[in-house]
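S.K.: So that we are looking at the same thing, I have put the structure below in structure tokens.
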There are 4 protein chains.
Amino acid sequence: MNKIKNIGVLTSGGDAPGMNAAIRAVVRAAIYYDLKVTGILRGYEGLIHGDFIEMDRKSVANIIQRGGTILKTARSDAFRTKEGREEAHRQLLKQGIDALIVIGGDGTFTGAHLLTTEFNFPVVGLPGTIDNDLEGTDFTIGYDTAINTVINAVDKIRDTAESHDRLFIVEVMGRDSGLIALRSGIGVGAEAIMIPEANMGVEGLVTRLETGRKDKASKIIIVAEGDEIGGAFNVGEVLKEKFPHYDIRVSVLGHIQRGGKPSCMDRVLASRLGVTAVEGIIAGQSGVMVGQKNREILFTPFDHAIKHIDAKEITPAWLKLVEILSL
Amino acid sequence: MNKIKNIGVLTSGGDAPGMNAAIRAVVRAAIYYDLKVTGILRGYEGLIHGDFIEMDRKSVANIIQRGGTILKTARSDAFRTKEGREEAHRQLLKQGIDALIVIGGDGTFTGAHLLTTEFNFPVVGLPGTIDNDLEGTDFTIGYDTAINTVINAVDKIRDTAESHDRLFIVEVMGRDSGLIALRSGIGVGAEAIMIPEANMGVEGLVTRLETGRKDKASKIIIVAEGDEIGGAFNVGEVLKEKFPHYDIRVSVLGHIQRGGKPSCMDRVLASRLGVTAVEGIIAGQSGVMVGQKNREILFTPFDHAIKHIDAKEITPAWLKLVEILSL
Amino acid sequence: MNKIKNIGVLTSGGDAPGMNAAIRAVVRAAIYYDLKVTGILRGYEGLIHGDFIEMDRKSVANIIQRGGTILKTARSDAFRTKEGREEAHRQLLKQGIDALIVIGGDGTFTGAHLLTTEFNFPVVGLPGTIDNDLEGTDFTIGYDTAINTVINAVDKIRDTAESHDRLFIVEVMGRDSGLIALRSGIGVGAEAIMIPEANMGVEGLVTRLETGRKDKASKIIIVAEGDEIGGAFNVGEVLKEKFPHYDIRVSVLGHIQRGGKPSCMDRVLASRLGVTAVEGIIAGQSGVMVGQKNREILFTPFDHAIKHIDAKEITPAWLKLVEILSL
Amino acid sequence: MNKIKNIGVLTSGGDAPGMNAAIRAVVRAAIYYDLKVTGILRGYEGLIHGDFIEMDRKSVANIIQRGGTILKTARSDAFRTKEGREEAHRQLLKQGIDALIVIGGDGTFTGAHLLTTEFNFPVVGLPGTIDNDLEGTDFTIGYDTAINTVINAVDKIRDTAESHDRLFIVEVMGRDSGLIALRSGIGVGAEAIMIPEANMGVEGLVTRLETGRKDKASKIIIVAEGDEIGGAFNVGEVLKEKFPHYDIRVSVLGHIQRGGKPSCMDRVLASRLGVTAVEGIIAGQSGVMVGQKNREILFTPFDHAIKHIDAKEITPAWLKLVEILSL
């Protein structure tokens with residue numbers, strides 16, 4: 001392998017708080033190790049179009065605390081085609097970029113995997129997604145901020161639920177993964193949590209409400225958007241029919257979950273992984289995502305990182321915990 | 001008029017941050033002036049059912065910073081009937097309550113007006129509603145907190161809008177009033193603000209977007225829920241058709257706007273008005289809402305307070321301000 | 001007077017949240033009215049050194065929500081000399097700037113007044129200071145954010161005060177003005193508020209604590225930094241001697257009060273005043289600060305704006321309010 | 001061992017955000033397993049005085065989001081004596097309490113260890129301290145909230161530091177442990193971090209500032225309160241002498257770090273550990289602290305938990321990370 005002199009960095013897929021902290025760490029580490037670092041705008045789409053910007057220490061000054069990504073992000077249909085990836089590879093060579101660091105989720109790594117295997121181009125990934133649904137890391141960058149955003153929002157909803165003795169169905173993000181719902185549901189003291197991985201279904205919820213405490217007036221039910229019965233509004237319809245005397249409201253938290261200042265944990269995680277990604281590139285790593293498990297750094301091949309094997313907190317023990325706490 | 005010895009206090013209608021600060025001020029002021037003070041649970045509904053609790057200094061300790069209302073609130077169909085109000089009046093007499101302080105919005109004051117006129121019972125009101133749609137006060141208790149909640153949420157949405165070059169349509173509360181939309185829209189630097197009082201309509205919005213800056217990728221449009229064209233989702237449908245190349249998302253902020261810790265302004269306003277309401281009761285005021293205009297205290301008859309005459313910021317000058325700033 | 005074609009804008013003195021919103025409004029309004037707008041870095045100091053940057057719509061994109069000032073600020077000894085101001089004036093002419101908008105507090109306006117009178121140069125001021133100690137405006141830009149920062153910090157201190165039954169002496173900013181202390185003290189439900197304008201003195205505080213409620217374990221005392229008895233630590237020393245059985249702690253909030261995202265009120269105020277300042281300049285205003293009183297815009301001569309006549313909330317009525325609420 | 005029927009729960013030592021979430025989890029789990037649960041006020045001090053309150057599901061409703069501890073906390077000199085502990089033991093027996101759950105830090109566990117060994121009384125501990133300085137758990141309850149409080153405060157200070165090109169020395173909590181300083185320092189992008197475990201000393205800091213970037217105007221230095229050179233003010237004195245041209249300010253964050261709403265991570269950790277503590281008691285555990293390492297639950301003997309062996313992030317690898325990032 002040739003010596004790395006110029007690292008490209010991009011963010012791709014849905015944005016996540018902490019992406020800027022990760023970019024900053026990549027840039028600072030590259031400079032520390034005397035490498036050039038090139039920013040690529042709007043993910044793979046910008047790569048194909050050659051949207052490059054040179055980055056120095058000032059480019060990443062005062063961004064560690066900002067949500068979003070200064071490099072912008074996009075989903076790229078073109079990159080899903082062989083031609084698109086060939087053009088991307090040409091742009092990398094033309095720009096003199098020797099290795100790439102990509103920050104994103106499973107879509108990002110699927111693309112990175114192809115770039116690595118098709119062109120033998122060195123790519124290291126950083127897990128940047130609020131969903132926490134990647135192998136090879138206990139937490140993804142953005143997840144901790146997102147669940148804090150959820151609990152802060154639901155704490156406000158709890159205020160008004162308490163005042164009115166209302167039942168609120170609150171939909172949080174997580175199309176395929178209940179991890180945001182599970183942790184934030186515990187965090188807000190939800191009376192029930194509906195997640196795609198645990199097939200409680202709406203009948204289960206009805207049973208739970210029928211057998212639960214009658215003296216508790218306000219109730220919060222957290223629903224992951226991916227739930228099979230179709231989201232918070234559908235759950236609301238069923239409950240309104242079954243419990244006509246309840247005062248029921250639905251709230252879909254939506255895109256506030258993607259933004260905001262990253263939490264300390266996300267900033268530290270992004271900083272550590274960003275530096276490690278650069279060190280990994282220098283050490284010859286490629287085709288891998290850098291993650292943190294049990295406080296240790298590890299590298300996981302892209303095709304494994306996206307496999308959705310590790311259920312993390314979606315286990316019987318955690319589900320029992322929810323049950324005990326929601327008494 | 002007999003000397004007042006026992007003041008009842010209730011919160012009614014939709015809850016608003018700062019109601020607890022108002023309750024605290026009423027209780028503290030009553031004790032300061034050697035009066036007894038009785039809490040009434042769940043607004044007029046609780047009054048009819050005789051849900052009273054005695055209140056002392058400890059009852060209101062450490063609540064100034066809490067959202068919601070410790071007295072709970074409700075809407076009461078019964079109180080809209082003559083029989084309901086007669087029962088309420090009986091309960092007041094039976095409990096030995098000489099005067100009532102009600103905290104709420106126009107529905108609350110409509111009821112208070114009837115209680116005052118039908119039974120000659122002393123009632124003073126405090127403006128507690130996030131909508132700011134009452135005469136006789138520059139601001140209602142809860143409005144400042146609500147608009148801060150909105151801008152904090154939309155700042156997060158702006159992060160992700162910027163990262164993706166997206167257009168977001170964000171719906172805020174205000175069924176009949178665009179005041180939340182107007183101020184928060186200015187506060188977030190919205191590209192357009194749609195309010196019920198200004199008939200821009202969706203065609204106006206389309207024109208504005210067609211003639212506006214093309215170089216500005218992300219856009220935030222704030223829509224008051226009361227807008228004639230039917231809320232954020234409908235606006236989204238029209239825009240998606242007209243601007244198929246835009247990446248458009250809709251977010252309905254919902255009930256988070258009702259909760260949360262009150263802002264300093266709301267706490268101070270609630271504290272000042274709460275004390276003044278008690279002093280007003282002692283001085284023989286009745287049938288009036290206590291408010292603050294131009295930093296001065298004033299009393300406004302209930303039937304005037306609910307008249308929706310003062311447009312506050314909904315004026316041509318403010319709308320021009322929006323236009324200049326949204327360049 | 002010649003037609004204005006190029007407006008300079010600077011921030012000066014201590015920074016205040018909302019200064020960026022004000023800069024943005026000035027730039028947007030200037031562009032709206034087809035004027036050129038030039039940013040001047042680091043206040044009068046940068047003006048003397050000719051630190052100019054051209055500003056367009058993009059320069060002020062996405063800054064409305066940021067604390068601090070993108071134009072930076074400084075105190076300038078040189079500008080206090082005649083030679084310094086002559087150099088500043090030369091720089092303005094050299095750069096082709098026809099009029100100046102300055103954002104700051106009384107030091108800023110003292111300088112602006114001299115620039116106007118000595119060189120007949122058009123200057124309009126915007127009140128940007130957390131202290132709220134200017135004539136001609138109900139609120140200064142930054143004050144509302146600062147008092148919200150204070151109450152959020154003291155709410156946290158209240159948590160630990162309650163848990164330990166402690167007395168906390170919390171020092172807030174305001175060397176010559178108790179306005180931050182007064183409003184935030186009411187906002188946190190302080191047991192006592194010590195401000196420079198009300199000579200309670202430490203004996204008064206001791207008396208108050210001796211005669212006050214004995215059943216209330218935790219206590220918060222808010223002290224303005226300007227208080228004659230020398231700040232929170234001195235108050236602490238006296239109280240520890242007088243009340244040896246109390247568990248007393250001191251906390252100086254410090255510079256967090258100057259930073260942070262501006263509140264909605266500060267953003268709206270800054271936006272409105274910024275646009276009005278440009279319109280005022282165009283209309284021929286000079287030597288005046290633009291402010292807002294009773295919801296109306298007004299212009300106040302610089303030498304009047306800094307006179308500290310209006311006590312705002314420092315009145316017997318407000319001090320009685322504090323007494324009633326701190327029962 | 002006899003069957004457990006009644007569990008006592010107390011909080012002791014310095015309070016930490018998440019203690020209420022832990023109390024709630026203990027109470028809910030106890031009820032789930034058909035046990036009685038008794039709250040003990042003000043830690044060991046209240047135990048000695050027999051300050052008991054019966055707890056049911058309602059006692060812990062709506063407290064998961066609150067800072068502080070509803071059971072209050074205190075340090076107890078009496079409990080450090082044999083007589084004090086004998087009285088405490090008598091009170092436990094008198095009240096019919098069969099086992100005790102204590103929430104606190106190393107002082108708390110030192111006491112718990114004695115209670116267990118001297119009287120063979122079953123005690124299980126929960127790690128509740130912002131310092132994160134306990135063996136047997138990756139994180140203590142309260143640490144994550146505290147570091148988030150720090151970064152939110154320092155973000156505000158960064159705003160004003162940037163505006164004025166100032167150097168700020170910010171003191172954070174951690175008398176014997178630099179863990180708060182280290183993580184929050186990374187989180188805010190500090191230019192230097194001074195912690196008791198790494199003997200950089202003030203000369204090291206001076207060298208670092210002399211050799212560091214000259215183009216970076218604003219600087220943040222995070223100092224743990226325990227640092228040998230005596231806190232932020234002393235560091236400030238030295239720097240002012242060495243760098244007379246710097247504009248240097250000192251800020252001591254103080255007790256805000258102990259309060260505030262717990263973060264999601266702290267709520268979830270407290271909830272999980274609280275339930276597990278009850279299950280541990282039932283299963284016969286005693287003399288141990290329940291913690292979480294590598295996402296797994298584990299029990300650590302009290303005398304080991306307080307040994308300060310595990311340096312956690314205070315390692316050469318992390319210190320190098322700080323160096324790279326602070327470029």
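The way I read the labels, and the way they are meant: chains A, B, ... in the order of the structure tokens, residue 1 as the first residue of every chain, and ligand 1 as the first ligand shown, with later ones counted on from there.
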Within 7 Å of range 84-101 of chain D, counting only C-alpha atoms, which residues show up once you throw out same-chain ones fewer than 3 positions away? Write them as number ranges by chain, please.
M.R.: D: 4-10, 47-48, 50, 78-81, 115, 121-125
S.K.: Tell me as a VMD selection string which residues belonging to chain C come within 8 Å of chain B, counting only C-alpha atoms.
M.R.: chain C and resid 25 28 to 29 32 57 64 to 65 144 147 to 148 151 155 183 to 184 186 to 189 263 to 265 267 to 268 271 to 272 275 293 to 295 321 324 to 325 327
S.K.: Hey, what's within 12 Å of range 228-242 of chain B if we count only C-alpha atoms and toss same-chain stuff fewer than 4 positions away? As a ChimeraX atom specification, please?
M.R.: /B:166-178,193-210,220-224,246-254
S.K.: In Å to one decimal, how far is CA of Glu225 in chain D from CA of His255 in chain C?
M.R.: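 Separation between CA of His255 in chain C and CA of Glu225 in chain D: 18.0 Å.
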S.K.: Give me, please, the distance in Å between CA of His304 in chain B and CA of Asn20 in chain B, quoted to one decimal.
M.R.: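 A separation of 25.4 Å between them.
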S.K.: Quick one: distance from CA of Val288 in chain A to CA of Gly18 in chain A in Å, one decimal?
M.R.: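 Computing the Euclidean distance for CA of Val288 in chain A and CA of Gly18 in chain A yields 19.8 Å.
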